[in-house]
Amino acid sequence: MENNSRQLALGTEPISKLLLRFATPAIIAMTASSLYNMVDSIFIGNGPNCGPLAIAGLATTFPLMNLSAAFGAMVGIGASSVISVKMGQRDIESAEKAMGNVVILNVLIGSIFMALALIFLDPILMFFGASENTLPFAREYMSVLLWGNVLTHLYLGLNDVVRSSGYPKRAMAATLTAVGINVIFNYLFIFVAELGIAGAAIGTLCSQFVAFCMIVVHFTRKDTFLKFKRQVFVFQKKIAFSILSIGCAPFLTNFCACVVVLLINNGLKDYGGDMYVGAYGIANRVIFVFFMVVGGLNQGMQPICGYNYGAGQVNRSFKAFKITVTCAVLVMTVCLLSCEFLPEFIVSWFTTDPELIRITSHALQIMAAVAPCIGFQVVTIGLFTSFGMAKKSILISLTRQLLFLIPFLVILPRYFGTDGVWCSMPMADLTSFTLSIILIVRLIRKFRQKE
């Protein structure tokens with residue numbers, strides 16, 4: 001009865017109440033998740049055997065981590081959308097099979113990615129912007145993380161399923177536990193054991209293992225809506241295809257992020273040097289925290305939109321979208337104001353090097369110039385994804401981080417140096433924001449005509 005009431009609530013309770021219930025844990029979880037990277041950067045920037053070059057080395061690992069996250073998001077977010085829609089259609093058996101295929105796909109994809117990345121790690125990192133000075137730090141960090149790649153994929157993918165199946169608080173608890181343990185282990189491994197940048201990676205994997213165990217316990221409890229059963233761990237071609245096709249949008253978002261960071265790192269290395277690469281690493285971490293708050297809003301919205309779309313209550317889906325967009329724009333406005341007026345204060349958390357503080361503060365002020373537009377784009381992509389409209393969500397993802405940004409990154413640095421790199425990002429966001437408005441207006445008109 002409790003599970004049925006959870007299901008029905010998605011289609012009957014007031015939208016604002018549902019968003020508060022689903023988005024609050026997701027926001028806390030996503031923000032806490034972003035603190036993984038923040039904690040790593042802060043400890044690495046201030047710890048023994050680390051410093052500015054270690055931060056620059058960490059920045060060169062971002063493309064590879066984004067690529068790994070791209071595959072994880074393709075499975076986790078794709079499955080979340082499938083499960084939400086199936087629950088709205090009362091097809092519980094298919095929802096459980098989708099959960100089982102999350103495990104199968106994550107083990108398969110995570111293992112292949114780990115093996116290939118470890119074999120070609122040095123040339124990959126050099127390609128992504130590492131220099132002779134920063135390569136040892138980047139290699140030391142990624143070689144540890146890659147050995148736990150399957151664990152990371154399973155933890156993140158199944159946590160998405162926990163949230164989308166009606167237990168956002170449990171998903172939040174797992175994430176918060178992981179972040180708390182990560183802080184403790186980072187301090188122990190970096191400052192006490194003096195393991196340097198490798199200590200940050202070890203701490204991350206240890207914290208993810210604890211959180212993964214919590215998720216496994218969730219799916220074995222009697223009061224859980226979806227449960228681990230032997231029969232669900234069978235590869236289903238049709239379900240796997242649905243998961244991967246819907247998950248293409250978040251995959252492309254992260255994949256494009258990988259390509260973009262590759263171009264940014266190499267552009268900054270060529271026109272500025274290692275310190276500029278480290279500056280981007282810090283600036284990206286700061287803006288990413290706000291981005292994750294928007295991601296939490298987006299994750300809270302998706303089960304509501306997906307369920308009501310599957311149940312034929314499209315107006316409720318659009319109401320959830322409007323409230324979420326408003327909140328997302330407000331969050332990114334706070335990002336804009338913080339980065340414009342308090343850049344030095346923020347950057348001083350990561351490093352005491354005056355040159356790195358100066359470069360990073362300048363970068364933050366430019367990169368966050370049109371931050372509110374990003375909030376609108378992210379939620380728009382989330383709506384199309386929850387409706388299963390993969391082509392539109394893919395289009396916005398591609399334009400935001402690929403079709404518009406790459407030409408700017410290729411052309412502007414030739415004339416404006418490192419400032420050209422910084423300015424490329426807000427210019428691409430502004431043009432993609434215009435496309436997002438056009439697509440969402442057309443979608444709303446389409447459903448109004450049907451009514």
# chains A, B, ... in the order shown; residues from 1 in each chain; ligands from 1
call {"tool": "select_by_dssp", "arguments": {"residues": "stretch 90-283 of chain A", "states": "helix (DSSP H, G or I)", "output": "ChimeraX atom specification"}}
result
/A:92-119,121-127,135-147,149-164,168-192,197-218,230-232,237-246,248-271,274-283
call {"tool": "closest_atom_pairs", "arguments": {"of": "stretch 63-126 of chain A", "to": "stretch 217-221 of chain A", "cutoff": "12 Å", "atoms": "only C-alpha atoms", "output": "Markdown table"}}
result
| residue | atom | partner | partner_atom | distance |
| --- | --- | --- | --- | --- |
| A:Glu96 | CA | A:Phe219 | CA | 10.6 |
| A:Met99 | CA | A:Phe219 | CA | 10.0 |
| A:Gly100 | CA | A:Phe219 | CA | 10.9 |
call {"tool": "residues_around", "arguments": {"residues": "stretch 391-395 of chain A", "least_positions_apart": "2", "cutoff": "10 Å", "atoms": "only C-alpha atoms", "output": "JSON, numbers by chain"}}
result
{"A": [245, 246, 247, 248, 249, 250, 251, 252, 253, 377, 378, 380, 381, 382, 383, 384, 385, 386, 387, 388, 389, 397, 398, 399, 400, 403, 432, 435, 436, 439, 440]}
call {"tool": "write_last_selection", "arguments": {"atoms": "C-alpha atoms", "output": "compact mmCIF listing (two decimals), in the first residue's frame"}}
result
# COMPACT_ATOMS: atom_id res chain seq x y z
CA SER A 245 18.68 5.66 -26.52
CA ILE A 246 17.05 7.88 -23.88
CA GLY A 247 20.40 8.18 -22.12
CA CYS A 248 22.04 9.47 -25.30
CA ALA A 249 21.27 13.09 -24.36
CA PRO A 250 23.10 13.04 -21.00
CA PHE A 251 25.82 10.92 -22.63
CA LEU A 252 26.36 13.51 -25.32
CA THR A 253 26.27 16.30 -22.74
CA GLN A 377 19.04 25.00 -20.81
CA VAL A 378 19.67 22.23 -18.28
CA THR A 380 14.84 22.11 -20.82
CA ILE A 381 17.09 19.15 -21.63
CA GLY A 382 15.66 17.38 -18.55
CA LEU A 383 12.07 17.88 -19.74
CA PHE A 384 12.74 16.46 -23.20
CA THR A 385 14.62 13.54 -21.63
CA SER A 386 11.77 12.72 -19.21
CA PHE A 387 9.31 12.76 -22.15
CA GLY A 388 11.54 10.31 -24.03
CA MET A 389 12.17 12.92 -26.77
CA SER A 397 23.20 19.19 -25.66
CA LEU A 398 25.15 19.21 -28.91
CA THR A 399 24.65 22.90 -29.63
CA ARG A 400 25.53 24.03 -26.11
CA LEU A 403 28.34 23.04 -32.38
CA SER A 432 22.30 27.79 -27.21
CA LEU A 435 17.68 27.59 -29.40
CA SER A 436 16.29 26.15 -26.12
CA LEU A 439 12.25 24.34 -28.98
CA ILE A 440 10.33 24.58 -25.71
call {"tool": "residues_around", "arguments": {"residues": "A:Glu194", "least_positions_apart": "6", "cutoff": "9 Å", "atoms": "only C-alpha atoms", "output": "MDAnalysis selection string"}}
result
chainID A and resid 47:49 188
call {"tool": "write_last_selection", "arguments": {"atoms": "N, CA and C atoms", "output": "compact mmCIF listing (two decimals), in the first residue's frame"}}
result
# COMPACT_ATOMS: atom_id res chain seq x y z
N GLY A 47 47.60 20.60 0.42
CA GLY A 47 48.25 19.50 1.10
C GLY A 47 49.73 19.36 0.78
N PRO A 48 50.45 18.55 1.58
CA PRO A 48 51.86 18.28 1.30
C PRO A 48 52.02 17.45 0.04
N ASN A 49 53.13 17.60 -0.65
CA ASN A 49 53.42 16.89 -1.89
C ASN A 49 52.44 17.25 -3.01
N LEU A 188 42.96 12.12 6.00
CA LEU A 188 43.85 11.07 6.49
C LEU A 188 44.91 10.69 5.47
call {"tool": "residues_around", "arguments": {"residues": "A:Gly420", "least_positions_apart": "4", "cutoff": "9 Å", "atoms": "only C-alpha atoms", "output": "list of chain:residue names"}}
result
A:Phe408, A:Leu409, A:Ile411, A:Leu412, A:Pro413, A:Arg414, A:Tyr415, A:Phe416, A:Ser424
call {"tool": "write_last_selection", "arguments": {"atoms": "C-alpha atoms", "output": "PDB file, in the first residue's frame"}}
result
ATOM      1  CA  PHE A 408      34.484  29.884 -30.644  1.00  0.00           C
ATOM      2  CA  LEU A 409      37.315  27.938 -28.974  1.00  0.00           C
ATOM      3  CA  ILE A 411      38.749  31.107 -33.517  1.00  0.00           C
ATOM      4  CA  LEU A 412      38.755  33.489 -30.533  1.00  0.00           C
ATOM      5  CA  PRO A 413      42.038  32.412 -28.831  1.00  0.00           C
ATOM      6  CA  ARG A 414      43.924  33.218 -32.053  1.00  0.00           C
ATOM      7  CA  TYR A 415      43.012  36.873 -31.646  1.00  0.00           C
ATOM      8  CA  PHE A 416      42.519  37.297 -27.879  1.00  0.00           C
ATOM      9  CA  SER A 424      34.068  31.303 -25.711  1.00  0.00           C
TER      10      SER A 424
END
call {"tool": "closest_residue", "arguments": {"among": "A:Val293, A:Tyr141, A:Ile215, A:Phe113", "to": "A:Ala174", "atoms": "only C-alpha atoms"}}
result
A:Ile215
call {"tool": "residues_around", "arguments": {"residues": "A:Ala328", "least_positions_apart": "4", "cutoff": "10 Å", "atoms": "only C-alpha atoms", "output": "list of chain:residue names"}}
result
A:Phe290, A:Phe291, A:Val293, A:Val294, A:Gly295, A:Gly296, A:Leu297, A:Asn298, A:Lys322, A:Ile323, A:Thr324, A:Met332, A:Thr333, A:Pro372, A:Cys373, A:Ile374, A:Gly375, A:Phe376, A:Gln377, A:Val378, A:Val379
call {"tool": "write_last_selection", "arguments": {"atoms": "N, CA and C atoms", "output": "JSON list (two decimals), in the first residue's frame"}}
result
[["chain", "number", "residue", "atom", "x", "y", "z"],
["A", 290, "PHE", "N", 27.22, 25.17, -8.39],
["A", 290, "PHE", "CA", 25.92, 25.76, -8.72],
["A", 290, "PHE", "C", 25.20, 24.93, -9.78],
["A", 291, "PHE", "N", 25.97, 24.45, -10.73],
["A", 291, "PHE", "CA", 25.42, 23.60, -11.79],
["A", 291, "PHE", "C", 24.77, 22.35, -11.19],
["A", 293, "VAL", "N", 23.40, 22.09, -8.22],
["A", 293, "VAL", "CA", 22.12, 22.47, -7.60],
["A", 293, "VAL", "C", 21.02, 22.44, -8.65],
["A", 294, "VAL", "N", 21.32, 22.99, -9.83],
["A", 294, "VAL", "CA", 20.36, 22.94, -10.94],
["A", 294, "VAL", "C", 20.13, 21.49, -11.36],
["A", 295, "GLY", "N", 21.19, 20.68, -11.35],
["A", 295, "GLY", "CA", 21.03, 19.27, -11.66],
["A", 295, "GLY", "C", 20.12, 18.56, -10.67],
["A", 296, "GLY", "N", 20.21, 18.94, -9.39],
["A", 296, "GLY", "CA", 19.31, 18.37, -8.39],
["A", 296, "GLY", "C", 17.87, 18.76, -8.64],
["A", 297, "LEU", "N", 17.63, 20.03, -8.98],
["A", 297, "LEU", "CA", 16.28, 20.46, -9.36],
["A", 297, "LEU", "C", 15.77, 19.65, -10.54],
["A", 298, "ASN", "N", 16.66, 19.47, -11.50],
["A", 298, "ASN", "CA", 16.31, 18.72, -12.71],
["A", 298, "ASN", "C", 15.95, 17.27, -12.38],
["A", 322, "LYS", "N", 7.87, 24.59, -15.38],
["A", 322, "LYS", "CA", 7.91, 26.05, -15.17],
["A", 322, "LYS", "C", 8.47, 26.40, -13.78],
["A", 323, "ILE", "N", 8.04, 25.67, -12.77],
["A", 323, "ILE", "CA", 8.54, 25.95, -11.42],
["A", 323, "ILE", "C", 10.04, 25.65, -11.34],
["A", 324, "THR", "N", 10.44, 24.55, -11.95],
["A", 324, "THR", "CA", 11.85, 24.15, -11.92],
["A", 324, "THR", "C", 12.73, 25.14, -12.65],
["A", 332, "MET", "N", 21.38, 30.08, -10.66],
["A", 332, "MET", "CA", 22.50, 30.50, -11.50],
["A", 332, "MET", "C", 22.72, 32.01, -11.45],
["A", 333, "THR", "N", 21.70, 32.75, -11.07],
["A", 333, "THR", "CA", 21.89, 34.18, -10.84],
["A", 333, "THR", "C", 22.77, 34.42, -9.61],
["A", 372, "PRO", "N", 22.71, 32.45, -15.71],
["A", 372, "PRO", "CA", 21.27, 32.13, -15.67],
["A", 372, "PRO", "C", 20.77, 31.39, -16.91],
["A", 373, "CYS", "N", 21.37, 31.66, -18.06],
["A", 373, "CYS", "CA", 20.96, 30.97, -19.29],
["A", 373, "CYS", "C", 21.22, 29.47, -19.19],
["A", 374, "ILE", "N", 22.29, 29.10, -18.48],
["A", 374, "ILE", "CA", 22.63, 27.67, -18.33],
["A", 374, "ILE", "C", 21.54, 26.95, -17.56],
["A", 375, "GLY", "N", 20.99, 27.60, -16.52],
["A", 375, "GLY", "CA", 19.93, 26.98, -15.75],
["A", 375, "GLY", "C", 18.73, 26.63, -16.60],
["A", 376, "PHE", "N", 18.34, 27.54, -17.49],
["A", 376, "PHE", "CA", 17.20, 27.28, -18.38],
["A", 376, "PHE", "C", 17.49, 26.11, -19.31],
["A", 377, "GLN", "N", 18.69, 26.07, -19.88],
["A", 377, "GLN", "CA", 19.04, 25.00, -20.81],
["A", 377, "GLN", "C", 19.01, 23.63, -20.16],
["A", 378, "VAL", "N", 19.58, 23.53, -18.96],
["A", 378, "VAL", "CA", 19.67, 22.23, -18.28],
["A", 378, "VAL", "C", 18.28, 21.66, -18.00],
["A", 379, "VAL", "N", 17.37, 22.50, -17.52],
["A", 379, "VAL", "CA", 16.02, 22.03, -17.20],
["A", 379, "VAL", "C", 15.26, 21.68, -18.47]]
call {"tool": "atom_distance", "arguments": {"atom1": "atom CA of A:Thr326", "atom2": "atom CA of A:Met292"}}
result
15.6 Å
call {"tool": "residues_around", "arguments": {"residues": "A:Asp160", "least_positions_apart": "3", "cutoff": "12 Å", "atoms": "only C-alpha atoms", "output": "PDB file with N, CA and C atoms, in the first residue's frame"}}
result
ATOM      1  N   ALA A  26      17.384  15.637  -3.885  1.00  0.00           N
ATOM      2  CA  ALA A  26      18.241  15.569  -5.066  1.00  0.00           C
ATOM      3  C   ALA A  26      19.242  16.716  -5.080  1.00  0.00           C
ATOM      4  N   ALA A  29      21.826  15.976  -2.553  1.00  0.00           N
ATOM      5  CA  ALA A  29      22.673  14.881  -3.028  1.00  0.00           C
ATOM      6  C   ALA A  29      23.608  15.346  -4.141  1.00  0.00           C
ATOM      7  N   MET A  30      23.065  16.103  -5.109  1.00  0.00           N
ATOM      8  CA  MET A  30      23.892  16.551  -6.221  1.00  0.00           C
ATOM      9  C   MET A  30      24.950  17.557  -5.770  1.00  0.00           C
ATOM     10  N   GLY A  72      28.397   6.502 -17.667  1.00  0.00           N
ATOM     11  CA  GLY A  72      27.588   6.253 -16.476  1.00  0.00           C
ATOM     12  C   GLY A  72      26.244   6.952 -16.538  1.00  0.00           C
ATOM     13  N   ALA A  73      26.238   8.213 -17.019  1.00  0.00           N
ATOM     14  CA  ALA A  73      24.990   8.969 -17.123  1.00  0.00           C
ATOM     15  C   ALA A  73      24.069   8.367 -18.169  1.00  0.00           C
ATOM     16  N   MET A  74      24.632   7.835 -19.247  1.00  0.00           N
ATOM     17  CA  MET A  74      23.815   7.223 -20.285  1.00  0.00           C
ATOM     18  C   MET A  74      22.984   6.076 -19.720  1.00  0.00           C
ATOM     19  N   VAL A  75      23.582   5.293 -18.848  1.00  0.00           N
ATOM     20  CA  VAL A  75      22.860   4.171 -18.245  1.00  0.00           C
ATOM     21  C   VAL A  75      21.955   4.632 -17.108  1.00  0.00           C
ATOM     22  N   GLY A  76      22.506   5.401 -16.178  1.00  0.00           N
ATOM     23  CA  GLY A  76      21.747   5.787 -14.980  1.00  0.00           C
ATOM     24  C   GLY A  76      20.551   6.668 -15.273  1.00  0.00           C
ATOM     25  N   ILE A  77      20.768   7.765 -16.016  1.00  0.00           N
ATOM     26  CA  ILE A  77      19.678   8.691 -16.301  1.00  0.00           C
ATOM     27  C   ILE A  77      18.710   8.087 -17.299  1.00  0.00           C
ATOM     28  N   GLY A  78      19.231   7.340 -18.286  1.00  0.00           N
ATOM     29  CA  GLY A  78      18.340   6.664 -19.230  1.00  0.00           C
ATOM     30  C   GLY A  78      17.422   5.686 -18.525  1.00  0.00           C
ATOM     31  N   ALA A  79      17.965   4.919 -17.587  1.00  0.00           N
ATOM     32  CA  ALA A  79      17.150   3.963 -16.831  1.00  0.00           C
ATOM     33  C   ALA A  79      16.145   4.676 -15.937  1.00  0.00           C
ATOM     34  N   SER A  80      16.543   5.799 -15.353  1.00  0.00           N
ATOM     35  CA  SER A  80      15.628   6.548 -14.493  1.00  0.00           C
ATOM     36  C   SER A  80      14.390   6.987 -15.263  1.00  0.00           C
ATOM     37  N   SER A  81      14.588   7.461 -16.490  1.00  0.00           N
ATOM     38  CA  SER A  81      13.453   7.891 -17.311  1.00  0.00           C
ATOM     39  C   SER A  81      12.564   6.710 -17.684  1.00  0.00           C
ATOM     40  N   VAL A  82      13.187   5.594 -18.060  1.00  0.00           N
ATOM     41  CA  VAL A  82      12.409   4.399 -18.406  1.00  0.00           C
ATOM     42  C   VAL A  82      11.594   3.927 -17.211  1.00  0.00           C
ATOM     43  N   ILE A  83      12.221   3.881 -16.044  1.00  0.00           N
ATOM     44  CA  ILE A  83      11.539   3.404 -14.842  1.00  0.00           C
ATOM     45  C   ILE A  83      10.392   4.328 -14.455  1.00  0.00           C
ATOM     46  N   SER A  84      10.601   5.644 -14.543  1.00  0.00           N
ATOM     47  CA  SER A  84       9.541   6.599 -14.192  1.00  0.00           C
ATOM     48  C   SER A  84       8.328   6.428 -15.086  1.00  0.00           C
ATOM     49  N   MET A  99      15.940  -1.987 -13.941  1.00  0.00           N
ATOM     50  CA  MET A  99      16.892  -1.898 -12.841  1.00  0.00           C
ATOM     51  C   MET A  99      17.983  -2.963 -12.977  1.00  0.00           C
ATOM     52  N   VAL A 102      20.487  -2.070 -15.544  1.00  0.00           N
ATOM     53  CA  VAL A 102      21.417  -1.029 -15.103  1.00  0.00           C
ATOM     54  C   VAL A 102      22.698  -1.672 -14.584  1.00  0.00           C
ATOM     55  N   VAL A 103      22.548  -2.713 -13.782  1.00  0.00           N
ATOM     56  CA  VAL A 103      23.716  -3.409 -13.227  1.00  0.00           C
ATOM     57  C   VAL A 103      24.540  -4.045 -14.348  1.00  0.00           C
ATOM     58  N   HIS A 153      30.521   3.497 -11.459  1.00  0.00           N
ATOM     59  CA  HIS A 153      29.359   3.420 -12.357  1.00  0.00           C
ATOM     60  C   HIS A 153      28.160   2.772 -11.660  1.00  0.00           C
ATOM     61  N   LEU A 154      28.399   1.692 -10.939  1.00  0.00           N
ATOM     62  CA  LEU A 154      27.312   1.008 -10.245  1.00  0.00           C
ATOM     63  C   LEU A 154      26.696   1.889  -9.168  1.00  0.00           C
ATOM     64  N   TYR A 155      27.544   2.549  -8.412  1.00  0.00           N
ATOM     65  CA  TYR A 155      27.055   3.423  -7.341  1.00  0.00           C
ATOM     66  C   TYR A 155      26.181   4.549  -7.898  1.00  0.00           C
ATOM     67  N   LEU A 156      26.684   5.241  -8.916  1.00  0.00           N
ATOM     68  CA  LEU A 156      25.947   6.372  -9.467  1.00  0.00           C
ATOM     69  C   LEU A 156      24.694   5.927 -10.214  1.00  0.00           C
ATOM     70  N   GLY A 157      24.804   4.847 -10.981  1.00  0.00           N
ATOM     71  CA  GLY A 157      23.665   4.360 -11.746  1.00  0.00           C
ATOM     72  C   GLY A 157      22.522   3.876 -10.867  1.00  0.00           C
ATOM     73  N   ARG A 163      16.411   7.008  -6.604  1.00  0.00           N
ATOM     74  CA  ARG A 163      15.708   8.293  -6.627  1.00  0.00           C
ATOM     75  C   ARG A 163      14.463   8.226  -7.507  1.00  0.00           C
ATOM     76  N   SER A 164      14.606   7.677  -8.718  1.00  0.00           N
ATOM     77  CA  SER A 164      13.492   7.687  -9.669  1.00  0.00           C
ATOM     78  C   SER A 164      12.381   6.729  -9.281  1.00  0.00           C
ATOM     79  N   SER A 165      12.679   5.735  -8.423  1.00  0.00           N
ATOM     80  CA  SER A 165      11.648   4.779  -8.016  1.00  0.00           C
ATOM     81  C   SER A 165      10.888   5.231  -6.780  1.00  0.00           C
ATOM     82  N   GLY A 166      11.138   6.450  -6.318  1.00  0.00           N
ATOM     83  CA  GLY A 166      10.322   7.024  -5.245  1.00  0.00           C
ATOM     84  C   GLY A 166      10.993   7.125  -3.896  1.00  0.00           C
ATOM     85  N   TYR A 167      12.335   7.029  -3.848  1.00  0.00           N
ATOM     86  CA  TYR A 167      13.046   7.097  -2.565  1.00  0.00           C
ATOM     87  C   TYR A 167      14.170   8.130  -2.631  1.00  0.00           C
ATOM     88  N   PRO A 168      13.836   9.397  -2.895  1.00  0.00           N
ATOM     89  CA  PRO A 168      14.883  10.419  -3.018  1.00  0.00           C
ATOM     90  C   PRO A 168      15.684  10.627  -1.740  1.00  0.00           C
ATOM     91  N   LYS A 169      15.054  10.437  -0.571  1.00  0.00           N
ATOM     92  CA  LYS A 169      15.766  10.651   0.684  1.00  0.00           C
ATOM     93  C   LYS A 169      16.848   9.600   0.895  1.00  0.00           C
ATOM     94  N   ARG A 170      16.568   8.370   0.489  1.00  0.00           N
ATOM     95  CA  ARG A 170      17.585   7.320   0.621  1.00  0.00           C
ATOM     96  C   ARG A 170      18.745   7.560  -0.345  1.00  0.00           C
ATOM     97  N   ALA A 171      18.432   8.029  -1.550  1.00  0.00           N
ATOM     98  CA  ALA A 171      19.496   8.375  -2.498  1.00  0.00           C
ATOM     99  C   ALA A 171      20.353   9.498  -1.931  1.00  0.00           C
ATOM    100  N   MET A 172      19.695  10.472  -1.316  1.00  0.00           N
ATOM    101  CA  MET A 172      20.414  11.581  -0.698  1.00  0.00           C
ATOM    102  C   MET A 172      21.294  11.086   0.442  1.00  0.00           C
ATOM    103  N   ALA A 174      22.693   8.193   0.853  1.00  0.00           N
ATOM    104  CA  ALA A 174      23.871   7.490   0.334  1.00  0.00           C
ATOM    105  C   ALA A 174      24.929   8.481  -0.138  1.00  0.00           C
ATOM    106  N   THR A 175      24.486   9.532  -0.835  1.00  0.00           N
ATOM    107  CA  THR A 175      25.427  10.522  -1.346  1.00  0.00           C
ATOM    108  C   THR A 175      26.091  11.305  -0.220  1.00  0.00           C
ATOM    109  N   PHE A 212      27.770   2.518  -1.973  1.00  0.00           N
ATOM    110  CA  PHE A 212      27.254   1.423  -2.798  1.00  0.00           C
ATOM    111  C   PHE A 212      26.646   0.323  -1.932  1.00  0.00           C
ATOM    112  N   ILE A 215      23.205   1.259  -0.917  1.00  0.00           N
ATOM    113  CA  ILE A 215      22.234   1.100  -2.002  1.00  0.00           C
ATOM    114  C   ILE A 215      21.842  -0.359  -2.183  1.00  0.00           C
ATOM    115  N   GLY A 296      20.207  18.943  -9.393  1.00  0.00           N
ATOM    116  CA  GLY A 296      19.309  18.375  -8.388  1.00  0.00           C
ATOM    117  C   GLY A 296      17.866  18.765  -8.636  1.00  0.00           C
ATOM    118  N   GLN A 299      16.738  16.647 -11.523  1.00  0.00           N
ATOM    119  CA  GLN A 299      16.459  15.259 -11.147  1.00  0.00           C
ATOM    120  C   GLN A 299      15.175  15.143 -10.352  1.00  0.00           C
ATOM    121  N   GLY A 300      14.889  16.151  -9.532  1.00  0.00           N
ATOM    122  CA  GLY A 300      13.623  16.138  -8.805  1.00  0.00           C
ATOM    123  C   GLY A 300      12.433  16.285  -9.727  1.00  0.00           C
ATOM    124  N   GLN A 302      12.292  15.318 -13.030  1.00  0.00           N
ATOM    125  CA  GLN A 302      12.153  14.284 -14.055  1.00  0.00           C
ATOM    126  C   GLN A 302      11.182  13.163 -13.710  1.00  0.00           C
ATOM    127  N   PRO A 303      11.209  12.583 -12.489  1.00  0.00           N
ATOM    128  CA  PRO A 303      10.224  11.543 -12.204  1.00  0.00           C
ATOM    129  C   PRO A 303       8.792  12.063 -12.244  1.00  0.00           C
TER     130      PRO A 303
END
call {"tool": "closest_atom_pairs", "arguments": {"of": "stretch 357-383 of chain A", "to": "stretch 263-276 of chain A", "cutoff": "10 Å", "atoms": "only C-alpha atoms", "output": "Markdown table"}}
result
| residue | atom | partner | partner_atom | distance |
| --- | --- | --- | --- | --- |
| A:Ile357 | CA | A:Met275 | CA | 9.9 |
| A:Ile359 | CA | A:Tyr276 | CA | 6.8 |
| A:Thr360 | CA | A:Tyr276 | CA | 7.7 |
| A:Ala363 | CA | A:Tyr276 | CA | 9.1 |
call {"tool": "write_last_selection", "arguments": {"atoms": "C-alpha atoms", "output": "compact mmCIF listing (two decimals), in the first residue's frame"}}
result
# COMPACT_ATOMS: atom_id res chain seq x y z
CA ILE A 357 44.41 33.50 -7.56
CA ILE A 359 44.27 34.26 -13.12
CA THR A 360 41.40 32.22 -11.69
CA ALA A 363 38.43 33.54 -15.45
call {"tool": "atom_distance", "arguments": {"atom1": "atom CA of A:Asp429", "atom2": "atom CA of A:Ile366"}}
result
12.2 Å
call {"tool": "closest_residue", "arguments": {"among": "A:Leu330, A:Ala369, A:Ala311, A:Val144", "to": "A:Leu195", "atoms": "only C-alpha atoms"}}
result
A:Val144
call {"tool": "closest_residue", "arguments": {"among": "A:Val107, A:Ala371, A:Ser361, A:Phe447", "to": "A:Val329", "atoms": "only C-alpha atoms"}}
result
A:Ala371
call {"tool": "atom_distance", "arguments": {"atom1": "atom CA of A:Ile112", "atom2": "atom CA of A:Lys227"}}
result
27.1 Å
call {"tool": "closest_residue", "arguments": {"among": "A:Ser68, A:Thr24, A:Thr134, A:Ser94", "to": "A:Ala56", "atoms": "only C-alpha atoms"}}
result
A:Thr134
call {"tool": "closest_residue", "arguments": {"among": "A:Cys327, A:Val261, A:Val334, A:Ile44", "to": "A:Met425", "atoms": "only C-alpha atoms"}}
result
A:Val261
